[in-house]
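Read the structure below first, then the notes.
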Amino acid sequence: MPFIPHTPEEVREMLEVIGVERIEDLFSEIPTELRSSITSKKIPPAMNEMEIGRLMRERAARDGNPLCFIGAGAYEHHIPAAVWELATRGEYYTAYTPYQAEASQGILQLLYEFQTMMASLTGMELSNASLYDGASALAEAVLMAVRANRKSKSRRVLMPLTVHPVYRKVVRTIVRHQGIELVELPYCTACGNIVPDSLASLSGEDFTALVVPQPNFFGVLEEVDQLADWAHANGVLVIGLINPTAAAVLAPPGEWGEQGADIACGEGQPLGIPLASGGPYFGFLCCREQLVRQMPGRIVGRTVDLDGKPGYTLTLQAREQHIRRSKATSNICTNQGLMTTAATIYLSLLGPEGLERVAAACHDNTRQLLEKLTAIEGVELQFDGEFFHEAVLRFDVPVEPLLKRLARQQLLAGYPIAEEYPELGDALLVCCTETKSEADRERFAGLLREAMAEMRGS
Amino acid sequence: MLIFERSSKNRRNPVQSPRSEAVATGIPERFRRRSRPLLPEVSELQVVRHYTRLSQQNYAIDTHFYPLGSCTMKYNPRGCNTLTSLPGFLARHPMAPVESHGQGVLACLFELQEMLKELTGMQGVSLTPMAGAQGEFAGVAMIRAYHESRGDTMRTEVLVPDAAHGTNPATAIMCGYRVREIPTDAEGDVDIEALRQAVGPQTAGIMLTNPSTLGVFERRIREIADIVHEAGGLLYYDGANLNAILGKVRPGDMGFDVVHLNLHKTFATPHGGGGPGAGPVGVGERLLPFLPIPMVGQNENGYFWLTEEACPQTIGRLSAHMGNTGILLRAYVYMRMLGTQGMGRIAEYATLNANYLMKRLSESGFEVAFPGRRASHEFILTLRHEAKQYGVNAMDFAKRLLDYGYHAPTTYFPLLVPECFLIEPTETEDKATLDGFVEAMCAIRREAQSEPERLKKAPHTLPVRRLDDARAARQLDAVWKG
Amino acid sequence: MSNVPEELLYTKTHEWVRQNEDGTVTVGITDHAQDLLGDMVYVELPEPGNSLAVGDECMVVESVKAASDIYCPLSGEVVEVNIALADTPELINQDPYGEGWLFTLQPAEGGEREELMEADAYQELIESES
């Protein structure tokens, strides 16, 4: 029996102590008409580790090893070997939530360090110990802003169309039953971001919060200072949605405008988490000190023990579901413990200088790639706004067949955005991180030129 | 010492960062960061030493018996980690085209969907919720979508047993419902009469787990299902305790309309110090149209994603991608290793271990909360006598257990039983470990009698002594300021 | 043994009420309640000037292990709140009937009130609950 250690003798002894004949007798309370059993029709027979190993290796190989220039919320970065060697130590991998603080000082101290790093990276005063992912963190940030903004009654939240389209969908799914209205903010199709002046018409109306992405979904930089100042002048809380790598070079939410943002959140995957088909990742959530009681998720605090020695423990738990129940700030139970462990180790290995280099290399590589690609006939840069490490390119050939051709040659050229942004036509969101060499960029340009020429029939 | 306190200004790890100087030409001044983020400046060796040492200050399944009730701390097979970390899986971008670069991972996910349908007796499964709590949210949101689609706006209440896990009422509120609590009777079952009184046209549904949080099987579950269904409500199954009945009873057969599963409990995915989890949902016929997306579909060409087009009535998306794929794959590998026969044995041995442990503790003089009932995969002890007689409470016992090398069971949950321990050994523990735990409990009780201070001031052998929780909350220090 | 002063009135949700000479009432939580809740860490006080109805959840006291709603025992307007609790919430534990008071109300004319019980009735209540 896989992972079940009992020998027949032990089973006999145990049954005797309990006072029953067979294990089956222990299920006597379950009405017989409800009983079922498992057939091999839907649950295949057992495989040993060798056999399942063969199957998984075959399947992993089937998914190939393409050269990938897709970003769109999940970014390929170099992950130092030490990150996962340490994070998958059994003491981290198989530990539970640190409810018995004295027996979990390792993970608790690590989370305290994580909170410190994320607060600093986002320029905010406090951070929690993580949420599930960037999209659900944004949803929680919206709920938090609605709870925190006592002066606003409207529960209307301004959501720019430059926020990741799937994030907007997730937020809608999560907040819709709480009487919250998401109001779309249009963007400028020439610059690729929100024009701050366009908000002037909304001044004086009651809005509870404004979400500001930086960079935005298109990779373009938003005018965060102006947007933040407008919001605060109108009693609107500012939620910054950021890329954590970018935060090494870009002004973080805590530095936006006169007062800084009120809440900051985003996707932590770029910090040492592999792409892994979309998860597990982690979301981060940071805020001003005054809003801490509205913040969902776990928070680790430093305190002292009976001898006055410093120690760490989960704190402010009265906000959480296991105590507050119906009145909880959220129903959230887990944080993404293992992922925060990895991210903390990643940030420690890179340090401020290393992270800045990664960010700068991503920006420079993308710039160089765009130069090569826009030199090809029929390829144009869509937006003239400043970018971080992604950009939207427009093509004079249909994008879907183009992508298919390139995919057959093991090149994933970018993320097609026509479905969510039909106004942009045949467009791709393209990203080039520090993992791509000059040869990789050359290969992309070469294959693209060929493919487009073929498609035009020349 | 914190990692920051080991820093030295300008200490670098050039081997881990890009070669070029940080420049980022083209980003205008107004967008740039003015301050430097507070990140450690340490060598790679310092990092390795620091985090290795920290890991040694954690209790974990890999090192300690961890009988945390309702958490199912079973062995996390290493093969699950290795095989899901193959480069082909780990490097795949979530938006890579599935036709050419995703058939492998989608095959695993599709088969996982099918197996979970079978185990739960449900008609459809979505793997996207990233944790049990998200699964709960999806479940209740689907119930809501169902009533709305029927034009029934009278359903404003969700029923929850008073012994329920805190996520249940919190979830109901998040979905815009009011919560009405149903009392539990002395035997540990839901009070049927109270339930009858509570249902009506305002009932959207009831959230239950079976076995219940009290560690006993809800014997009149079919009756409960009938009462709620007759009133027009639906039944939601909290799968936290599935380990007790896996392969023996299916939630679908008990009358549930929607279930969520905790893969990090029943299916051995790693707890990771607090996450990540995965909380897939399964539904019966009525709720099929509302499942969260994306799901994996299959046709003659292979596997593909089912999204908004194929599922126009879906409650929507819960994550940016498709959920915690890496965790889903780990559960898949585990389930393939268990296979037909192994799947059915989990509940048997989990129940055997729980009943054995319960009997031995009760024979040693500890009070079991529901002495007339069989344990499911877990059971409750109450230490109220010890509390009265020796002035030590469940918390003191728990802290002293840490000194004996055991992670304490769940304490003070469920709230209904005073000074309680909710104990769940799981099926992967052997008899000797269970016997050792009994001995430790007896030794601690002897200490409670002769020198109670030993318990009240416990733990004594860990890196820190008992921590001041009140101070942690009153003087919040969650970020190091230097 | 929990302290139950004779001169006060009590609610079944463990608040105490003192009738003041100027017609206002002062509200707090009982010794029994603070003992159950444990060390107080935070208090969310109502706004002075707010009108409250009987039974309203008018404020929250938060301890390490629980956050408890306080129910308004009678309809009226909030006159004063104990701002000392912002920095020193433990006053509720140390002196629940004195320095740990929560707020004072000006009762509304002909306003509703909860059934307030006398000290011995409250004493019976807490004995039956334990």
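Residue numbering restarts at 1 in every chain; chains get A, B, ... in the order shown in the structure tokens, and ligands count up from 1 in that same order.
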Exercise. Can you check which residues of chain B have any atom within 6 Å of chain C? Use only C-alpha atoms and format it as a ChimeraX atom specification.
Key: /B:470,473-474
Restricting the output to C-alpha atoms, write the selected residues as a compact mmCIF listing (two decimals), in the first residue's frame.
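Result saved to selection.txt:
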# COMPACT_ATOMS: atom_id res chain seq x y z
CA ALA B 470 -0.63 40.59 23.24
CA ALA B 473 -0.67 42.91 18.42
CA ARG B 474 -0.49 46.02 20.57
Quiz item: Could you name the residues that touch range 447-459 of chain B at 10 Å or less, counting only C-alpha atoms, but leaving out those on the same chain fewer than 4 positions away, as a list in words?
Solution: Glu102, Ala103 and Leu306 of chain A; Glu386, Ala387, Gln389, Tyr390, Gly391, Val392, Asn393, Ala394, Met395, Asp396, Phe397, Ala398, Lys399, Arg400, Leu401, Leu402, Asp403, Tyr404, Met441, Cys442, Ala443, Pro463, Val464, Arg465, Arg466 and Leu467 of chain B
Exercise. Can you pull out every residue within 9 Å of Arg19 in chain B, counting only C-alpha atoms, but drop anything in the same chain fewer than 4 positions away, and send it as a ChimeraX atom specification?
Key: /A:357,361 /B:14-15
Quiz prompt | Among the residues A:Gly64, A:Gly272, A:Pro401, A:Gly260, the one that comes closest to chain B [using only C-alpha atoms] | solution =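 Comparing A:Gly64, A:Gly272, A:Pro401, A:Gly260 against chain B, the winner is A:Gly64.
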Exercise. Pull the strand (DSSP E or B) assignments for range 324-480 of chain B out of DSSP run on the backbone, and list those residues as an MDAnalysis selection string.
Key: chainID B and resid 367:368 379:382 406 410:411 420:423 467
Near-Asp31 in chain C list (7 Å; only C-alpha atoms; drop same-chain fewer than 6 positions) as a compact mmCIF listing (two decimals) with C-alpha atoms, in the first residue's frame:
# COMPACT_ATOMS: atom_id res chain seq x y z
CA SER C 2 -15.79 37.32 38.61
CA ASN C 3 -16.54 40.77 39.93
CA PRO C 96 -13.35 46.98 33.37
